[in-house]
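Structure file input.txt with compact mmCIF, C-alpha atoms and all ligand atoms:
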# COMPACT_ATOMS: atom_id res chain seq x y z
CA MET A 1 -12.34 0.35 10.12
CA ARG A 2 -9.16 -0.10 8.17
CA ILE A 3 -6.48 -2.41 9.54
CA LEU A 4 -2.86 -2.98 8.57
CA LEU A 5 -1.79 -6.59 9.01
CA ALA A 6 2.00 -6.98 9.07
CA GLU A 7 2.75 -10.69 9.07
CA ASP A 8 5.16 -12.79 7.01
CA ASP A 9 3.61 -16.22 7.66
CA LYS A 10 1.55 -16.86 4.52
CA ASP A 11 -0.99 -19.26 6.03
CA LEU A 12 -1.55 -17.16 9.11
CA SER A 13 -1.87 -14.00 6.98
CA ARG A 14 -4.47 -15.61 4.74
CA GLN A 15 -6.43 -16.90 7.72
CA LEU A 16 -6.36 -13.55 9.52
CA LYS A 17 -7.27 -11.57 6.41
CA LEU A 18 -10.35 -13.72 5.92
CA ALA A 19 -11.38 -13.51 9.56
CA LEU A 20 -10.88 -9.74 9.64
CA ALA A 21 -12.83 -9.26 6.41
CA ASP A 22 -15.65 -11.43 7.77
CA ALA A 23 -15.73 -9.22 10.85
CA GLY A 24 -16.23 -6.18 8.62
CA TYR A 25 -12.72 -4.72 8.55
CA VAL A 26 -10.82 -3.56 5.50
CA VAL A 27 -7.34 -5.08 5.54
CA ASP A 28 -4.06 -4.13 3.90
CA HIS A 29 -1.35 -6.75 4.21
CA ALA A 30 2.39 -6.17 4.53
CA PRO A 31 4.60 -9.29 4.31
CA ASP A 32 7.76 -7.61 5.61
CA GLY A 33 8.90 -4.79 7.88
CA GLU A 34 9.85 -2.44 5.08
CA GLU A 35 6.42 -2.48 3.49
CA ALA A 36 4.75 -2.39 6.91
CA HIS A 37 6.65 0.75 7.81
CA TYR A 38 5.87 2.38 4.49
CA LEU A 39 2.14 1.62 4.58
CA GLY A 40 1.81 2.55 8.25
CA ALA A 41 3.55 5.87 7.69
CA ASN A 42 1.50 6.74 4.61
CA GLU A 43 -1.99 5.34 5.09
CA PRO A 44 -4.42 6.25 7.86
CA TYR A 45 -5.15 2.98 9.67
CA ASP A 46 -7.51 2.54 12.60
CA ALA A 47 -5.29 -0.17 14.07
CA VAL A 48 -2.23 -2.24 13.21
CA ILE A 49 -1.58 -5.92 13.87
CA LEU A 50 2.19 -6.25 13.88
CA ASP A 51 4.17 -9.48 13.98
CA LEU A 52 7.49 -8.79 15.68
CA GLY A 53 9.40 -11.42 13.72
CA LEU A 54 9.31 -9.78 10.29
CA PRO A 55 11.89 -9.99 7.45
CA LYS A 56 13.83 -6.90 6.25
CA ILE A 57 13.03 -4.74 9.30
CA ASP A 58 11.94 -6.42 12.55
CA GLY A 59 8.63 -5.44 14.13
CA VAL A 60 10.07 -3.64 17.14
CA SER A 61 12.17 -1.39 14.88
CA VAL A 62 9.16 -0.69 12.68
CA LEU A 63 7.12 0.31 15.72
CA GLU A 64 9.93 2.46 17.11
CA ARG A 65 10.16 4.34 13.82
CA TRP A 66 6.42 4.92 13.64
CA ARG A 67 6.29 6.28 17.18
CA ARG A 68 9.35 8.46 16.55
CA GLU A 69 7.60 9.83 13.48
CA GLY A 70 4.58 10.69 15.63
CA MET A 71 2.25 7.96 14.43
CA ALA A 72 -0.29 7.35 17.20
CA VAL A 73 -2.33 4.46 15.74
CA PRO A 74 -3.10 1.62 18.21
CA VAL A 75 -0.80 -1.35 17.64
CA LEU A 76 -1.37 -4.96 18.66
CA ILE A 77 1.83 -6.98 18.49
CA LEU A 78 2.12 -10.71 17.80
CA THR A 79 5.00 -12.40 19.59
CA ALA A 80 6.52 -15.87 19.60
CA ARG A 81 5.78 -18.09 22.56
CA SER A 82 7.98 -17.60 25.65
CA ALA A 83 9.76 -14.62 24.10
CA TRP A 84 9.03 -12.42 27.10
CA SER A 85 11.93 -10.08 26.33
CA GLU A 86 10.40 -9.49 22.89
CA LYS A 87 7.13 -8.55 24.55
CA VAL A 88 8.87 -6.06 26.83
CA ALA A 89 10.74 -4.56 23.87
CA GLY A 90 7.42 -4.29 22.02
CA PHE A 91 5.70 -2.42 24.84
CA ASP A 92 8.73 -0.16 25.29
CA ALA A 93 8.54 0.63 21.59
CA GLY A 94 4.91 1.73 21.96
CA ALA A 95 2.67 -1.33 21.54
CA ASP A 96 -0.85 -1.10 23.02
CA ASP A 97 -1.56 -4.81 23.42
CA TYR A 98 -0.06 -8.17 22.51
CA LEU A 99 -0.95 -11.74 21.65
CA THR A 100 1.36 -14.73 21.91
CA LYS A 101 1.39 -17.22 19.05
CA PRO A 102 -0.40 -19.53 18.58
CA PHE A 103 -3.67 -17.79 19.40
CA HIS A 104 -7.33 -18.23 18.56
CA THR A 105 -8.64 -15.89 15.86
CA GLU A 106 -11.58 -15.09 18.15
CA GLU A 107 -9.20 -13.73 20.76
CA LEU A 108 -7.44 -11.56 18.21
CA LEU A 109 -10.78 -10.14 17.07
CA ALA A 110 -11.86 -9.49 20.67
CA ARG A 111 -8.60 -7.69 21.48
CA LEU A 112 -8.86 -5.65 18.32
CA ARG A 113 -12.43 -4.59 19.16
CA ALA A 114 -11.33 -3.60 22.67
CA LEU A 115 -8.38 -1.66 21.28
CA LEU A 116 -10.52 0.26 18.77
CA ARG A 117 -13.10 0.94 21.45
CA ARG A 118 -10.55 2.27 23.93
CA THR A 119 -8.96 4.41 21.25
CA ALA A 120 -12.31 5.97 20.36
CA GLY A 121 -13.15 6.45 24.05
CA HIS A 122 -16.11 4.05 24.21
CA ALA A 123 -16.60 1.99 27.36
CA THR A 124 -19.13 -0.51 26.00
CA SER A 125 -18.94 -2.63 22.90
CA THR A 126 -22.36 -1.80 21.41
CA LEU A 127 -22.48 1.50 19.57
CA GLN A 128 -25.69 3.44 19.69
CA SER A 129 -27.33 6.59 18.39
CA GLY A 130 -30.94 6.80 19.58
CA SER A 131 -32.66 3.58 18.58
CA LEU A 132 -29.95 2.77 16.04
CA ARG A 133 -27.59 0.15 17.43
CA LEU A 134 -24.54 -1.62 16.07
CA ASP A 135 -22.90 -4.60 17.72
CA PRO A 136 -19.35 -5.12 16.40
CA ARG A 137 -19.13 -8.54 18.08
CA ALA A 138 -21.90 -9.91 15.89
CA ALA A 139 -21.28 -7.46 13.00
CA ARG A 140 -25.00 -6.58 13.13
CA ALA A 141 -26.96 -3.38 13.26
CA SER A 142 -30.59 -2.67 14.07
CA VAL A 143 -33.13 0.16 14.29
CA ASP A 144 -35.81 -0.12 16.99
CA GLY A 145 -34.71 -3.72 17.47
CA GLU A 146 -35.33 -4.52 13.79
CA PRO A 147 -32.20 -6.03 12.19
CA LEU A 148 -30.81 -4.08 9.23
CA ARG A 149 -29.67 -5.81 6.07
CA LEU A 150 -26.49 -4.01 5.15
CA THR A 151 -23.84 -4.73 2.55
CA SER A 152 -20.34 -4.95 3.95
CA LEU A 153 -19.51 -1.44 2.78
CA GLU A 154 -22.69 -0.01 4.28
CA TYR A 155 -21.87 -1.80 7.54
CA ARG A 156 -18.34 -0.41 7.59
CA LEU A 157 -19.62 3.06 6.86
CA LEU A 158 -22.17 2.90 9.66
CA HIS A 159 -19.59 1.42 12.05
CA TYR A 160 -17.17 4.24 11.31
CA VAL A 161 -19.64 7.10 11.71
CA LEU A 162 -21.03 5.59 14.92
CA MET A 163 -17.53 5.13 16.30
CA HIS A 164 -16.87 8.81 15.68
CA GLN A 165 -20.27 10.29 16.51
CA GLY A 166 -20.22 13.81 17.82
CA ARG A 167 -17.94 15.12 15.11
CA VAL A 168 -18.15 15.81 11.41
CA ILE A 169 -16.40 13.23 9.23
CA SER A 170 -15.17 14.33 5.82
CA ARG A 171 -15.62 12.31 2.66
CA THR A 172 -11.86 11.98 2.32
CA GLU A 173 -11.61 10.52 5.81
CA LEU A 174 -14.34 8.02 5.01
CA VAL A 175 -12.68 6.99 1.77
CA GLU A 176 -9.37 6.52 3.56
CA HIS A 177 -10.85 4.38 6.31
CA LEU A 178 -13.36 2.33 4.35
CA TYR A 179 -11.43 1.17 1.32
CA ASP A 180 -8.17 -0.74 1.07
CA GLN A 181 -5.23 0.63 -0.88
CA ASP A 182 -6.15 -1.10 -4.13
CA PHE A 183 -9.63 0.34 -4.33
CA ASP A 184 -10.44 3.05 -6.82
CA ARG A 185 -10.94 5.85 -4.36
CA ASP A 186 -13.47 8.21 -5.76
CA SER A 187 -14.92 10.18 -2.89
CA ASN A 188 -18.12 10.78 -4.89
CA THR A 189 -19.03 7.14 -4.36
CA ILE A 190 -19.26 7.84 -0.63
CA GLU A 191 -22.27 10.04 -1.30
CA VAL A 192 -23.94 7.13 -3.07
CA PHE A 193 -23.31 4.82 -0.11
CA ILE A 194 -24.51 7.43 2.37
CA GLY A 195 -27.69 7.67 0.30
CA ARG A 196 -28.22 3.91 0.43
CA LEU A 197 -27.55 3.82 4.13
CA ARG A 198 -30.08 6.60 4.70
CA LYS A 199 -32.72 4.54 2.91
CA LYS A 200 -32.11 1.71 5.36
CA ILE A 201 -31.66 3.53 8.67
CA GLY A 202 -33.93 6.51 8.05
CA PRO A 203 -33.14 9.69 6.09
CA ASP A 204 -32.37 11.99 9.03
CA ARG A 205 -29.88 10.01 11.05
CA ILE A 206 -26.90 11.04 8.96
CA GLU A 207 -26.66 14.76 8.56
CA THR A 208 -24.77 16.38 5.69
CA VAL A 209 -22.67 19.31 6.85
CA ARG A 210 -22.21 21.27 3.66
CA GLY A 211 -18.63 21.44 2.48
CA LEU A 212 -17.37 19.51 5.49
CA GLY A 213 -18.83 16.03 5.54
CA TYR A 214 -21.26 13.95 7.54
CA ARG A 215 -22.31 13.57 11.11
CA ILE A 216 -24.52 10.98 12.77
CA VAL A 217 -27.30 12.49 14.88
CA PRO A 218 -30.05 10.93 17.00
CA LEU A 219 -33.57 11.67 15.80
CA ALA A 220 -35.53 14.35 17.60
CA GLY A 221 -37.04 12.80 20.70
CA GLU A 222 -34.53 9.95 20.72
CA ALA A 223 -31.51 11.68 22.18
CA CA B 301 7.05 -13.92 11.64
Rewrite the structure of this file - the entire thing - as structure tokens.
Amino acid sequence: MRILLAEDDKDLSRQLKLALADAGYVVDHAPDGEEAHYLGANEPYDAVILDLGLPKIDGVSVLERWRREGMAVPVLILTARSAWSEKVAGFDAGADDYLTKPFHTEELLARLRALLRRTAGHATSTLQSGSLRLDPRAARASVDGEPLRLTSLEYRLLHYVLMHQGRVISRTELVEHLYDQDFDRDSNTIEVFIGRLRKKIGPDRIETVRGLGYRIVPLAGEA
């Protein structure tokens, strides 16, 4: 899952980037409203964490522009304490959830998980395909109850395909959602990572749909 973090407070940004990376997300950071708007309009994020008090263009205006431009990504806004009018303006502009500063990182991560889950139409937090399970709260995955040892990229890949099971996911989509903007995005590397993942979860759980991409499928007898 790829997240845009728009926050101008340096310490908070650093802290959140680390926590998000630890939780298995790829994070792009925008320190002001102008860059936030640009990145949000041009990169396919799974969710955005948007501070409303941003330099250059304020958060509410950024959000209004995105929504006007038809950008439907879920947005969690960060507001200053007791600024209830800011919160209302944020929701009116199209925010999906909010957190008031200061907040615990754990709460931000929990709200983000809930937001991603709701967006993908999942009611429970554990993702499952047959006996393959992934728990985003613990950032762990298992097959038949046996924990899998995954690298962070393999974990992100598995998380993404499980989140979108039931449809074919193209290599381009995977590249866009698994790497941050600075990564050398060669979509051929995805095939390598799919191959490694297959070795760990079993060869038949990720199906290659020729010319289109990949799809996660339960094993025969597991559905
Ligand atoms: Ca701020």
Practice task
Check which residues fall inside 8 Å of ligand CA 301 (chain B) when counting all atoms listed in the file, and print them as a PyMOL selection string.
Solution key: chain A and resi 7-9+51-55
Problem - Long-range neighbours of segment 67-80 of chain A as a VMD selection string, 8 Å cut-off, only C-alpha atoms, 6 positions minimum in chain - result: chain A and resid 41 45 to 53 86 to 87 90 93 to 102 112 115 to 116 119
Problem - Separation of atom CA of His164 of chain A from atom CA of Glu222 of chain A in Å - result: 18.4 Å
Practice task
Find, counting all atoms listed in the file, the residue in A:Leu16, A:Ile190, A:Ala220, A:Ala120 that gets nearest to Gln165 of chain A.
Solution key: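 Under the stated criterion, the closest residue is A:Ala120.
Remark: for Leu174 of chain A, the closest of the candidate residues A:Arg14, A:Arg215, A:Arg65, A:Arg149 is A:Arg215 (distances computed over all atoms listed in the file).
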Practice task
With a distance cut-off of 8 Å and all atoms listed in the file, select the neighbouring residues of Ser125 of chain A, excluding the residue or stretch itself and same-chain residues fewer than 4 positions from it, and output the selection as a PyMOL selection string.
Solution key: chain A and resi 113-114+117+135-137
Problem - atom CA of Thr124 of chain A to atom CA of Ala138 of chain A, straight-line distance in Å - result: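 Between these atoms lies a distance of 14.1 Å.
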Pro203 of chain A: which residues within 12 Å, counting all atoms listed in the file, same-chain residues fewer than 4 positions away excluded, as a CSV table (one decimal) with C-alpha atoms, in the frame of the given file?
chain,number,residue,atom,x,y,z
A,194,ILE,CA,-24.5,7.4,2.4
A,195,GLY,CA,-27.7,7.7,0.3
A,196,ARG,CA,-28.2,3.9,0.4
A,197,LEU,CA,-27.6,3.8,4.1
A,198,ARG,CA,-30.1,6.6,4.7
A,199,LYS,CA,-32.7,4.5,2.9
A,207,GLU,CA,-26.7,14.8,8.6
A,208,THR,CA,-24.8,16.4,5.7
A,216,ILE,CA,-24.5,11.0,12.8
A,217,VAL,CA,-27.3,12.5,14.9
A,218,PRO,CA,-30.0,10.9,17.0
A,219,LEU,CA,-33.6,11.7,15.8
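Remark: residues at most 10 Å from position (-25.0, -3.2, 15.7) in file coordinates are Ser125, Thr126, Leu127, Gln128, Leu132, Arg133, Leu134, Asp135, Pro136, Arg137, Ala138, Ala139, Arg140, Ala141, Ser142, Val143, Gly145, Pro147, Leu148, Tyr155, Leu158, His159 and Leu162 of chain A, using only C-alpha atoms.
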Pull C-alpha atoms from the residues just selected and write them as a PDB file, keeping the file's coordinate frame.
ATOM      1  CA  SER A 125     -18.940  -2.630  22.900  1.00  0.00           C
ATOM      2  CA  THR A 126     -22.360  -1.800  21.410  1.00  0.00           C
ATOM      3  CA  LEU A 127     -22.480   1.500  19.570  1.00  0.00           C
ATOM      4  CA  GLN A 128     -25.690   3.440  19.690  1.00  0.00           C
ATOM      5  CA  LEU A 132     -29.950   2.770  16.040  1.00  0.00           C
ATOM      6  CA  ARG A 133     -27.590   0.150  17.430  1.00  0.00           C
ATOM      7  CA  LEU A 134     -24.540  -1.620  16.070  1.00  0.00           C
ATOM      8  CA  ASP A 135     -22.900  -4.600  17.720  1.00  0.00           C
ATOM      9  CA  PRO A 136     -19.350  -5.120  16.400  1.00  0.00           C
ATOM     10  CA  ARG A 137     -19.130  -8.540  18.080  1.00  0.00           C
ATOM     11  CA  ALA A 138     -21.900  -9.910  15.890  1.00  0.00           C
ATOM     12  CA  ALA A 139     -21.280  -7.460  13.000  1.00  0.00           C
ATOM     13  CA  ARG A 140     -25.000  -6.580  13.130  1.00  0.00           C
ATOM     14  CA  ALA A 141     -26.960  -3.380  13.260  1.00  0.00           C
ATOM     15  CA  SER A 142     -30.590  -2.670  14.070  1.00  0.00           C
ATOM     16  CA  VAL A 143     -33.130   0.160  14.290  1.00  0.00           C
ATOM     17  CA  GLY A 145     -34.710  -3.720  17.470  1.00  0.00           C
ATOM     18  CA  PRO A 147     -32.200  -6.030  12.190  1.00  0.00           C
ATOM     19  CA  LEU A 148     -30.810  -4.080   9.230  1.00  0.00           C
ATOM     20  CA  TYR A 155     -21.870  -1.800   7.540  1.00  0.00           C
ATOM     21  CA  LEU A 158     -22.170   2.900   9.660  1.00  0.00           C
ATOM     22  CA  HIS A 159     -19.590   1.420  12.050  1.00  0.00           C
ATOM     23  CA  LEU A 162     -21.030   5.590  14.920  1.00  0.00           C
TER      24      LEU A 162
END
Problem - Atomic distance atom CA of Ser152 of chain A - atom CA of Lys200 of chain A, expressed in Å with one decimal - result: 13.6 Å
Handout entry: Nearest residue to Gly40 of chain A from the set A:Glu191, A:Glu146, A:Asp58, A:Asp28 (distances using only C-alpha atoms)
Key = A:Asp28
